[in-house]
$ cat entry-v3.cif   # mmCIF, C-alpha atoms
data_run
#
loop_
_atom_site.group_PDB
_atom_site.id
_atom_site.type_symbol
_atom_site.label_atom_id
_atom_site.label_comp_id
_atom_site.auth_asym_id
_atom_site.auth_seq_id
_atom_site.Cartn_x
_atom_site.Cartn_y
_atom_site.Cartn_z
ATOM 1 C CA MET Y 1 23.201 -16.667 0.274
ATOM 2 C CA LYS Y 2 22.365 -13.677 2.484
ATOM 3 C CA ASN Y 3 25.554 -11.883 1.343
ATOM 4 C CA ASN Y 4 24.490 -12.335 -2.281
ATOM 5 C CA HIS Y 5 21.091 -10.861 -1.455
ATOM 6 C CA ALA Y 6 22.669 -7.891 0.277
ATOM 7 C CA ALA Y 7 25.059 -7.226 -2.626
ATOM 8 C CA GLU Y 8 22.185 -7.308 -5.109
ATOM 9 C CA LEU Y 9 20.160 -4.944 -2.961
ATOM 10 C CA ARG Y 10 23.030 -2.457 -2.599
ATOM 11 C CA ARG Y 11 23.416 -2.389 -6.374
ATOM 12 C CA VAL Y 12 19.699 -1.902 -6.985
ATOM 13 C CA ALA Y 13 19.395 0.664 -4.196
ATOM 14 C CA LYS Y 14 22.196 2.779 -5.688
ATOM 15 C CA THR Y 15 20.576 2.694 -9.140
ATOM 16 C CA VAL Y 16 17.201 3.674 -7.739
ATOM 17 C CA SER Y 17 18.739 6.378 -5.517
ATOM 18 C CA ASP Y 18 20.427 7.936 -8.538
ATOM 19 C CA LYS Y 19 17.091 8.023 -10.394
ATOM 20 C CA VAL Y 20 15.323 9.551 -7.405
ATOM 21 C CA ALA Y 21 18.044 12.179 -7.047
ATOM 22 C CA ARG Y 22 17.661 13.152 -10.706
ATOM 23 C CA LYS Y 23 13.879 13.208 -10.639
ATOM 24 C CA ASP Y 24 12.488 13.511 -7.133
ATOM 25 C CA SER Y 25 9.810 16.064 -7.879
ATOM 26 C CA ILE Y 26 6.520 14.706 -6.588
ATOM 27 C CA SER Y 27 3.796 17.270 -7.159
ATOM 28 C CA PRO Y 28 2.407 19.154 -4.149
ATOM 29 C CA ILE Y 29 -0.812 17.310 -4.959
ATOM 30 C CA LEU Y 30 -1.179 14.303 -2.705
ATOM 31 C CA ARG Y 31 0.053 11.033 -4.203
ATOM 32 C CA THR Y 32 -1.408 7.685 -3.215
ATOM 33 C CA ILE Y 33 -0.316 4.058 -3.020
ATOM 34 C CA ALA Y 34 -2.872 1.321 -2.369
ATOM 35 C CA VAL Y 35 -1.324 -1.708 -0.670
ATOM 36 C CA THR Y 36 -3.579 -4.620 -1.447
ATOM 37 C CA GLY Y 37 -3.699 -8.369 -1.892
ATOM 38 C CA GLY Y 38 -6.178 -10.936 -3.076
ATOM 39 C CA LYS Y 39 -5.782 -13.062 0.049
ATOM 40 C CA GLY Y 40 -5.484 -12.482 3.780
ATOM 41 C CA GLY Y 41 -2.361 -13.558 5.643
ATOM 42 C CA VAL Y 42 0.181 -12.294 3.093
ATOM 43 C CA GLY Y 43 1.554 -9.575 5.400
ATOM 44 C CA LYS Y 44 -0.123 -6.652 3.669
ATOM 45 C CA THR Y 45 -0.501 -4.412 6.740
ATOM 46 C CA ASN Y 46 3.040 -5.196 7.836
ATOM 47 C CA VAL Y 47 4.253 -4.109 4.390
ATOM 48 C CA ALA Y 48 2.149 -0.929 4.427
ATOM 49 C CA THR Y 49 3.318 0.243 7.845
ATOM 50 C CA ASN Y 50 6.978 -0.422 7.189
ATOM 51 C CA LEU Y 51 6.798 1.148 3.732
ATOM 52 C CA ALA Y 52 5.418 4.281 5.384
ATOM 53 C CA ILE Y 53 8.364 4.355 7.781
ATOM 54 C CA ALA Y 54 10.864 3.831 4.958
ATOM 55 C CA MET Y 55 9.387 6.751 3.002
ATOM 56 C CA ALA Y 56 9.405 8.956 6.085
ATOM 57 C CA GLN Y 57 13.086 8.130 6.511
ATOM 58 C CA LEU Y 58 13.574 9.475 2.990
ATOM 59 C CA GLY Y 59 12.144 12.827 4.052
ATOM 60 C CA LYS Y 60 8.575 12.454 2.806
ATOM 61 C CA ARG Y 61 5.520 13.582 4.734
ATOM 62 C CA VAL Y 62 3.710 10.273 4.866
ATOM 63 C CA GLY Y 63 0.208 9.313 5.916
ATOM 64 C CA ILE Y 64 -1.202 5.836 6.281
ATOM 65 C CA LEU Y 65 -4.921 5.221 5.972
ATOM 66 C CA ASP Y 66 -6.400 2.040 7.379
ATOM 67 C CA ALA Y 67 -9.088 1.362 4.786
ATOM 68 C CA ASP Y 68 -10.175 -1.847 6.462
ATOM 69 C CA LEU Y 69 -13.292 -0.118 7.724
ATOM 70 C CA GLY Y 70 -14.509 -3.071 9.765
ATOM 71 C CA LEU Y 71 -11.362 -4.768 11.125
ATOM 72 C CA ALA Y 72 -8.747 -2.045 11.363
ATOM 73 C CA ASN Y 73 -5.297 -2.834 12.790
ATOM 74 C CA VAL Y 74 -2.773 -0.303 11.456
ATOM 75 C CA ASP Y 75 -2.927 1.559 14.783
ATOM 76 C CA VAL Y 76 -1.953 -1.649 16.576
ATOM 77 C CA MET Y 77 0.995 -2.248 14.235
ATOM 78 C CA LEU Y 78 2.281 1.297 14.794
ATOM 79 C CA HIS Y 79 1.588 1.255 18.536
ATOM 80 C CA VAL Y 80 -0.696 4.311 18.583
ATOM 81 C CA ASN Y 81 -3.980 4.769 20.403
ATOM 82 C CA PRO Y 82 -6.346 6.935 18.363
ATOM 83 C CA ARG Y 83 -9.250 8.504 20.208
ATOM 84 C CA TYR Y 84 -11.222 8.964 17.008
ATOM 85 C CA THR Y 85 -11.466 6.895 13.818
ATOM 86 C CA LEU Y 86 -12.966 7.084 10.336
ATOM 87 C CA LYS Y 87 -16.315 6.239 11.908
ATOM 88 C CA HIS Y 88 -16.348 9.730 13.427
ATOM 89 C CA VAL Y 89 -15.565 11.223 10.002
ATOM 90 C CA VAL Y 90 -18.334 9.462 8.072
ATOM 91 C CA THR Y 91 -20.867 10.360 10.785
ATOM 92 C CA GLY Y 92 -19.854 14.021 10.507
ATOM 93 C CA GLU Y 93 -18.626 14.239 14.107
ATOM 94 C CA LYS Y 94 -15.027 15.019 13.113
ATOM 95 C CA LYS Y 95 -12.994 16.324 10.198
ATOM 96 C CA ILE Y 96 -10.263 14.121 8.805
ATOM 97 C CA GLU Y 97 -7.484 16.226 10.334
ATOM 98 C CA ASP Y 98 -9.098 15.863 13.767
ATOM 99 C CA ILE Y 99 -8.610 12.099 13.878
ATOM 100 C CA ILE Y 100 -4.959 11.998 12.781
ATOM 101 C CA VAL Y 101 -2.490 10.689 15.336
ATOM 102 C CA LYS Y 102 1.258 10.776 14.917
ATOM 103 C CA GLY Y 103 3.148 7.526 14.613
ATOM 104 C CA PRO Y 104 6.880 6.757 14.282
ATOM 105 C CA LEU Y 105 8.901 9.429 12.432
ATOM 106 C CA GLY Y 106 5.875 11.726 12.398
ATOM 107 C CA ILE Y 107 3.750 9.480 10.162
ATOM 108 C CA SER Y 108 0.117 10.619 10.065
ATOM 109 C CA VAL Y 109 -2.002 7.618 11.070
ATOM 110 C CA ILE Y 110 -5.671 7.623 10.046
ATOM 111 C CA ALA Y 111 -7.325 4.781 11.895
ATOM 112 C CA GLY Y 112 -10.176 2.690 10.572
ATOM 113 C CA SER Y 113 -12.954 1.265 12.714
ATOM 114 C CA SER Y 114 -12.503 -2.108 14.340
ATOM 115 C CA GLY Y 115 -15.428 -4.383 15.083
ATOM 116 C CA ILE Y 116 -18.111 -2.165 13.500
ATOM 117 C CA LYS Y 117 -19.714 -4.271 10.784
ATOM 118 C CA THR Y 118 -21.662 -1.433 9.161
ATOM 119 C CA MET Y 119 -18.415 0.423 8.423
ATOM 120 C CA ALA Y 120 -17.287 -2.436 6.194
ATOM 121 C CA ASP Y 121 -20.142 -1.889 3.752
ATOM 122 C CA LEU Y 122 -20.690 1.843 3.398
ATOM 123 C CA PRO Y 123 -23.358 3.175 1.011
ATOM 124 C CA VAL Y 124 -21.971 4.883 -2.080
ATOM 125 C CA GLN Y 125 -22.865 8.405 -0.940
ATOM 126 C CA ILE Y 126 -21.223 7.958 2.467
ATOM 127 C CA HIS Y 127 -18.138 6.493 0.830
ATOM 128 C CA LYS Y 128 -18.058 9.490 -1.475
ATOM 129 C CA LYS Y 129 -18.219 11.805 1.539
ATOM 130 C CA LEU Y 130 -15.236 10.000 3.018
ATOM 131 C CA ILE Y 131 -13.196 10.572 -0.139
ATOM 132 C CA SER Y 132 -14.174 14.243 -0.051
ATOM 133 C CA GLU Y 133 -12.842 14.476 3.493
ATOM 134 C CA LEU Y 134 -9.588 12.813 2.461
ATOM 135 C CA HIS Y 135 -9.135 15.669 -0.017
ATOM 136 C CA ARG Y 136 -8.299 17.829 2.997
ATOM 137 C CA LEU Y 137 -5.032 15.889 3.377
ATOM 138 C CA ASN Y 138 -3.569 17.600 0.288
ATOM 139 C CA ASN Y 139 -1.715 20.239 2.287
ATOM 140 C CA LEU Y 140 -0.746 17.969 5.155
ATOM 141 C CA ILE Y 141 1.134 15.079 3.550
ATOM 142 C CA ASP Y 142 2.986 14.178 0.355
ATOM 143 C CA ILE Y 143 2.196 10.472 0.095
ATOM 144 C CA LEU Y 144 -0.821 8.576 1.413
ATOM 145 C CA ILE Y 145 -0.408 4.827 1.799
ATOM 146 C CA ILE Y 146 -3.775 3.078 1.831
ATOM 147 C CA ASP Y 147 -3.848 -0.275 3.594
ATOM 148 C CA THR Y 148 -6.844 -2.050 2.073
ATOM 149 C CA PRO Y 149 -8.561 -5.166 3.390
ATOM 150 C CA ALA Y 150 -8.075 -8.412 1.508
ATOM 151 C CA GLY Y 151 -10.478 -9.377 -1.245
ATOM 152 C CA ILE Y 152 -12.241 -7.603 -4.094
ATOM 153 C CA GLY Y 153 -15.276 -6.039 -2.432
ATOM 154 C CA ASN Y 154 -16.561 -2.608 -3.446
ATOM 155 C CA ASN Y 155 -14.929 -0.779 -0.545
ATOM 156 C CA VAL Y 156 -11.581 -2.329 -1.441
ATOM 157 C CA LEU Y 157 -11.853 -1.550 -5.141
ATOM 158 C CA SER Y 158 -12.939 2.045 -4.598
ATOM 159 C CA PHE Y 159 -9.619 2.808 -2.929
ATOM 160 C CA VAL Y 160 -7.471 0.569 -5.128
ATOM 161 C CA LEU Y 161 -8.834 1.854 -8.429
ATOM 162 C CA ALA Y 162 -8.388 5.492 -7.424
ATOM 163 C CA ALA Y 163 -4.760 5.182 -6.288
ATOM 164 C CA ASP Y 164 -1.825 6.437 -8.347
ATOM 165 C CA GLU Y 165 0.085 3.219 -7.732
ATOM 166 C CA ILE Y 166 -1.066 -0.220 -6.623
ATOM 167 C CA LEU Y 167 1.257 -2.420 -4.602
ATOM 168 C CA ALA Y 168 -0.089 -5.969 -4.828
ATOM 169 C CA VAL Y 169 1.336 -8.162 -2.076
ATOM 170 C CA THR Y 170 1.460 -11.931 -2.355
ATOM 171 C CA ILE Y 171 3.533 -14.849 -1.084
ATOM 172 C CA PRO Y 172 5.109 -17.885 -2.797
ATOM 173 C CA ASP Y 173 2.021 -20.020 -2.369
ATOM 174 C CA PRO Y 174 -0.154 -21.067 -5.342
ATOM 175 C CA MET Y 175 -3.402 -20.187 -3.563
ATOM 176 C CA ALA Y 176 -2.084 -16.737 -2.690
ATOM 177 C CA TYR Y 177 -0.841 -15.756 -6.124
ATOM 178 C CA THR Y 178 -3.936 -17.231 -7.768
ATOM 179 C CA ASP Y 179 -5.965 -14.837 -5.621
ATOM 180 C CA ALA Y 180 -3.558 -12.036 -6.545
ATOM 181 C CA TYR Y 181 -4.198 -12.737 -10.221
ATOM 182 C CA ALA Y 182 -7.966 -12.643 -9.617
ATOM 183 C CA LEU Y 183 -7.527 -9.199 -8.050
ATOM 184 C CA ILE Y 184 -5.396 -7.970 -10.956
ATOM 185 C CA LYS Y 185 -8.022 -9.252 -13.406
ATOM 186 C CA VAL Y 186 -10.772 -7.271 -11.666
ATOM 187 C CA ILE Y 187 -8.605 -4.137 -11.555
ATOM 188 C CA SER Y 188 -7.902 -4.412 -15.293
ATOM 189 C CA ARG Y 189 -11.621 -4.616 -16.001
ATOM 190 C CA TRP Y 190 -12.301 -1.272 -14.340
ATOM 191 C CA ARG Y 191 -9.130 0.712 -14.940
ATOM 192 C CA GLN Y 192 -7.000 -0.062 -17.954
ATOM 193 C CA ASP Y 193 -4.274 2.448 -17.110
ATOM 194 C CA ALA Y 194 -3.675 0.926 -13.672
ATOM 195 C CA GLN Y 195 -0.073 0.833 -12.474
ATOM 196 C CA ILE Y 196 0.408 -2.451 -10.599
ATOM 197 C CA ASN Y 197 3.585 -3.280 -8.703
ATOM 198 C CA LEU Y 198 4.159 -6.817 -7.419
ATOM 199 C CA LEU Y 199 5.738 -7.346 -4.007
ATOM 200 C CA ILE Y 200 6.493 -10.945 -3.071
ATOM 201 C CA ASN Y 201 6.593 -11.390 0.691
ATOM 202 C CA MET Y 202 8.004 -14.135 2.935
ATOM 203 C CA VAL Y 203 10.328 -15.632 0.322
ATOM 204 C CA ARG Y 204 13.298 -17.909 0.927
ATOM 205 C CA THR Y 205 15.409 -16.482 -1.911
ATOM 206 C CA ALA Y 206 15.388 -13.562 -4.336
ATOM 207 C CA ALA Y 207 15.096 -16.089 -7.176
ATOM 208 C CA GLN Y 208 11.907 -17.499 -5.674
ATOM 209 C CA ALA Y 209 10.394 -14.017 -5.553
ATOM 210 C CA ARG Y 210 11.229 -13.308 -9.199
ATOM 211 C CA GLU Y 211 9.785 -16.677 -10.199
ATOM 212 C CA VAL Y 212 6.426 -15.841 -8.555
ATOM 213 C CA ALA Y 213 6.418 -12.386 -10.155
ATOM 214 C CA GLU Y 214 7.127 -13.891 -13.576
ATOM 215 C CA ILE Y 215 4.295 -16.406 -13.162
ATOM 216 C CA LEU Y 216 1.856 -13.573 -12.527
ATOM 217 C CA LYS Y 217 3.195 -11.402 -15.343
ATOM 218 C CA THR Y 218 3.103 -14.350 -17.762
ATOM 219 C CA VAL Y 219 -0.539 -15.124 -16.972
ATOM 220 C CA VAL Y 220 -1.450 -11.448 -17.399
ATOM 221 C CA ARG Y 221 0.223 -11.449 -20.833
ATOM 222 C CA LYS Y 222 -1.326 -14.791 -21.794
ATOM 223 C CA TYR Y 223 -4.849 -13.527 -21.213
ATOM 224 C CA ASN Y 224 -4.005 -10.095 -22.603
ATOM 225 C CA LEU Y 225 -5.322 -8.175 -19.624
ATOM 226 C CA PRO Y 226 -5.517 -4.448 -20.394
ATOM 227 C CA LEU Y 227 -3.195 -2.769 -17.884
ATOM 228 C CA GLY Y 228 -1.090 0.357 -17.945
ATOM 229 C CA ARG Y 229 1.828 -1.458 -16.355
ATOM 230 C CA ILE Y 230 2.583 -4.503 -14.264
ATOM 231 C CA SER Y 231 6.065 -4.627 -12.790
ATOM 232 C CA TYR Y 232 8.127 -6.283 -10.087
ATOM 233 C CA ALA Y 233 8.653 -3.949 -7.134
ATOM 234 C CA GLY Y 234 10.746 -6.297 -5.018
ATOM 235 C CA TYR Y 235 10.610 -8.849 -2.262
ATOM 236 C CA ILE Y 236 10.826 -9.234 1.494
ATOM 237 C CA PRO Y 237 12.466 -12.406 2.810
ATOM 238 C CA TYR Y 238 10.926 -14.715 5.381
ATOM 239 C CA ASP Y 239 12.237 -13.572 8.756
ATOM 240 C CA SER Y 240 11.451 -15.439 11.952
ATOM 241 C CA LYS Y 241 12.130 -12.267 13.967
ATOM 242 C CA ILE Y 242 9.294 -10.484 12.167
ATOM 243 C CA LYS Y 243 6.945 -13.414 12.713
ATOM 244 C CA ASN Y 244 7.813 -13.699 16.396
ATOM 245 C CA SER Y 245 7.417 -9.954 16.879
ATOM 246 C CA LEU Y 246 3.905 -10.084 15.437
ATOM 247 C CA LEU Y 247 2.959 -13.160 17.456
ATOM 248 C CA ASN Y 248 4.238 -11.566 20.656
ATOM 249 C CA ARG Y 249 2.428 -8.300 19.822
ATOM 250 C CA LYS Y 250 5.585 -6.289 20.419
ATOM 251 C CA GLN Y 251 4.029 -3.666 18.157
ATOM 252 C CA THR Y 252 7.405 -2.496 16.864
ATOM 253 C CA PRO Y 253 7.698 -2.281 13.046
ATOM 254 C CA PHE Y 254 10.647 -4.272 11.741
ATOM 255 C CA MET Y 255 12.077 -1.095 10.162
ATOM 256 C CA LEU Y 256 12.768 0.106 13.702
ATOM 257 C CA GLU Y 257 13.255 -3.209 15.498
ATOM 258 C CA ASN Y 258 15.955 -4.602 13.174
ATOM 259 C CA PRO Y 259 17.308 -1.653 11.146
ATOM 260 C CA ASP Y 260 20.294 -3.598 9.781
ATOM 261 C CA SER Y 261 18.336 -6.640 8.600
ATOM 262 C CA LEU Y 262 17.922 -7.789 5.015
ATOM 263 C CA SER Y 263 14.167 -7.204 5.306
ATOM 264 C CA VAL Y 264 14.761 -3.534 6.050
ATOM 265 C CA LYS Y 265 17.142 -3.167 3.106
ATOM 266 C CA CYS Y 266 14.487 -4.735 0.873
ATOM 267 C CA ILE Y 267 11.720 -2.362 1.961
ATOM 268 C CA GLN Y 268 14.064 0.609 1.554
ATOM 269 C CA VAL Y 269 14.696 -0.377 -2.057
ATOM 270 C CA ILE Y 270 10.963 -0.744 -2.665
ATOM 271 C CA ALA Y 271 10.271 2.653 -1.053
ATOM 272 C CA LYS Y 272 12.771 4.372 -3.358
ATOM 273 C CA ARG Y 273 11.299 2.649 -6.404
ATOM 274 C CA MET Y 274 7.774 3.695 -5.476
ATOM 275 C CA ILE Y 275 8.771 7.315 -4.845
ATOM 276 C CA SER Y 276 10.521 7.428 -8.205
ATOM 277 C CA SER Y 277 7.448 5.980 -9.912
ATOM 278 C CA LEU Y 278 5.092 8.434 -8.182
ATOM 279 C CA ALA Y 279 7.192 11.338 -9.421
ATOM 280 C CA GLN Y 280 6.286 10.428 -12.988
ATOM 281 C CA HIS Y 281 2.517 10.725 -12.562
ATOM 282 C CA SER Y 282 0.544 13.483 -14.216
ATOM 283 C CA VAL Y 283 -0.902 16.057 -11.814
ATOM 284 C CA ASP Y 284 -4.141 15.975 -13.813
ATOM 285 C CA LYS Y 285 -4.980 12.492 -12.575
ATOM 286 C CA ASN Y 286 -5.055 12.451 -8.816
ATOM 287 C CA PHE Y 287 -6.745 10.196 -6.296
ATOM 288 C CA PHE Y 288 -9.860 12.331 -5.998
ATOM 289 C CA SER Y 289 -10.525 12.854 -9.704
ATOM 290 C CA GLN Y 290 -9.921 9.145 -10.310
ATOM 291 C CA PHE Y 291 -12.447 8.274 -7.618
ATOM 292 C CA GLU Y 292 -15.090 10.458 -9.248
ATOM 293 C CA GLN Y 293 -14.438 8.863 -12.646
ATOM 294 C CA ILE Y 294 -14.720 5.393 -11.131
ATOM 295 C CA ARG Y 295 -18.098 6.235 -9.627
ATOM 296 C CA GLU Y 296 -19.300 7.680 -12.923
ATOM 297 C CA LYS Y 297 -18.423 4.411 -14.625
ATOM 298 C CA GLY Y 298 -20.635 2.627 -12.128
ATOM 299 C CA GLN Y 299 -18.120 0.726 -9.973
ATOM 300 C CA GLY Y 300 -19.554 -0.016 -6.550
ATOM 301 C CA LYS Y 301 -23.217 0.474 -7.406
#
$ encode --input "entry-v3.cif" --output "structure tokens"
Amino acid sequence: MKNNHAAELRRVAKTVSDKVARKDSISPILRTIAVTGGKGGVGKTNVATNLAIAMAQLGKRVGILDADLGLANVDVMLHVNPRYTLKHVVTGEKKIEDIIVKGPLGISVIAGSSGIKTMADLPVQIHKKLISELHRLNNLIDILIIDTPAGIGNNVLSFVLAADEILAVTIPDPMAYTDAYALIKVISRWRQDAQINLLINMVRTAAQAREVAEILKTVVRKYNLPLGRISYAGYIPYDSKIKNSLLNRKQTPFMLENPDSLSVKCIQVIAKRMISSLAQHSVDKNFFSQFEQIREKGQGK
């Protein structure tokens, strides 16, 4: 079964690589991917950190923003120890570039604030200031991966709705993909040109992943949700080594711990697909202009 998976991935990876080679022209303007999920426990942060590594391996200048402003953990996953966090940015003590720490492969890690309840519910004006600070990343990185907290709160949606691409992570569990659908429904209400990519995590087979993706896509079609695009980005198989690594707090991303594993091959395929998709975005609609439009429409008030 694993050999069949690997053969399928090699075929898909070659196709995607060819497309990227023909059209790998991401604008100098920063491009953003929001990694989100309707439910906790689906491996969202694990996906975000390893996706960042995979894109860095492809030669991109990558940043990862921990947008969980109250319970941040990206720094733990990437084994870095930031002295300053987004708390110091929103209070005006530091500029965004001052709090960046370098992670594996030179990834720019922007840490959130852990254990500070007030950070999880920022007033609109303070949140707007934070987005303004993030604008300063334009000349520093090519792609910003935003690891959002679970749920559909205002802080989550502000980042998700502004992103160029949305990577919605779920698992083959009815409760999880029901929550994922609820998230997609809310996104469609606020932004009808949203580009949503489905990543099915912790699956036993590739067929199981496609089945979950089709369930979600079918429900979206059934209820005629207004979306720019909803597509299947790929899957990551259940891997006991990944689970044990997280439980033991080894703090080594699976991209680096098990570089020859099927999980790594899967995330590499997804990274190439996402880069190819980002290259097709108009430079007129970037993260910052989208955020302003979202606020004008009244989201988060």
$ closest_atom_pairs --input "entry-v3.cif" --of "segment 192-276 of chain Y" --to "segment 170-177 of chain Y" --cutoff "12 Å" --atoms "all atoms listed in the file" --output "CSV"
residue,atom,partner,partner_atom,distance
Y:Asn197,CA,Y:Thr170,CA,10.9
Y:Leu198,CA,Y:Thr170,CA,7.7
Y:Leu199,CA,Y:Thr170,CA,6.5
Y:Ile200,CA,Y:Thr170,CA,5.2
Y:Asn201,CA,Y:Ile171,CA,4.9
Y:Met202,CA,Y:Ile171,CA,6.1
Y:Val203,CA,Y:Pro172,CA,6.5
Y:Arg204,CA,Y:Pro172,CA,9.0
Y:Thr205,CA,Y:Pro172,CA,10.4
Y:Ala206,CA,Y:Pro172,CA,11.3
Y:Ala207,CA,Y:Pro172,CA,11.1
Y:Gln208,CA,Y:Pro172,CA,7.4
Y:Ala209,CA,Y:Pro172,CA,7.1
Y:Arg210,CA,Y:Pro172,CA,10.0
Y:Glu211,CA,Y:Pro172,CA,8.8
Y:Val212,CA,Y:Pro172,CA,6.3
Y:Ala213,CA,Y:Tyr177,CA,9.0
Y:Glu214,CA,Y:Tyr177,CA,11.1
Y:Ile215,CA,Y:Tyr177,CA,8.7
Y:Leu216,CA,Y:Tyr177,CA,7.3
Y:Lys217,CA,Y:Tyr177,CA,11.0
Y:Val219,CA,Y:Tyr177,CA,10.9
Y:Tyr232,CA,Y:Thr170,CA,11.7
Y:Ala233,CA,Y:Thr170,CA,11.8
Y:Gly234,CA,Y:Thr170,CA,11.2
Y:Tyr235,CA,Y:Ile171,CA,9.4
Y:Ile236,CA,Y:Ile171,CA,9.6
Y:Pro237,CA,Y:Ile171,CA,10.0
Y:Tyr238,CA,Y:Ile171,CA,9.8
$ resolve_selection --input "entry-v3.cif" --expression "the PyMOL selection byres ((chain Y and resi 86) around 10)" --output "list in words"
Leu65, Asp66, Ala67, Leu69, Tyr84, Thr85, Lys87, His88, Val89, Val90, Thr91, Gly92, Glu93, Lys94, Lys95, Ile96, Ile99, Ile100, Ile110, Ala111, Gly112, Ser113, Met119 and Leu130 of chain Y
$ closest_residue --input "entry-v3.cif" --among "Y:Val156, Y:Ile53, Y:Leu144, Y:Val80" --to "Gly38 of chain Y" --atoms "only C-alpha atoms"
Y:Val156
$ resolve_selection --input "entry-v3.cif" --expression "the PyMOL selection byres ((chain Y and resi 262-267) around 7)" --output "CSV table (one decimal) with C-alpha atoms, in the frame of the given file"
chain,number,residue,atom,x,y,z
Y,6,ALA,CA,22.7,-7.9,0.3
Y,9,LEU,CA,20.2,-4.9,-3.0
Y,51,LEU,CA,6.8,1.1,3.7
Y,54,ALA,CA,10.9,3.8,5.0
Y,235,TYR,CA,10.6,-8.8,-2.3
Y,236,ILE,CA,10.8,-9.2,1.5
Y,237,PRO,CA,12.5,-12.4,2.8
Y,255,MET,CA,12.1,-1.1,10.2
Y,259,PRO,CA,17.3,-1.7,11.1
Y,260,ASP,CA,20.3,-3.6,9.8
Y,261,SER,CA,18.3,-6.6,8.6
Y,268,GLN,CA,14.1,0.6,1.6
Y,269,VAL,CA,14.7,-0.4,-2.1
Y,270,ILE,CA,11.0,-0.7,-2.7
Y,271,ALA,CA,10.3,2.7,-1.1
$ closest_residue --input "entry-v3.cif" --among "Y:Ala279, Y:Met55, Y:Ile107, Y:Ile33" --to "Ala194 of chain Y" --atoms "all atoms listed in the file"
Y:Ile33
$ residues_around --input "entry-v3.cif" --residues "Thr252 of chain Y" --least-positions-apart "6" --cutoff "10 Å" --atoms "all atoms listed in the file" --output "PyMOL selection string"
chain Y and resi 50+76-79+104+242+245-246+258
$ atom_distance --input "entry-v3.cif" --atom1 "atom CA of Val169 of chain Y" --atom2 "atom CA of Leu140 of chain Y"
27.2 Å
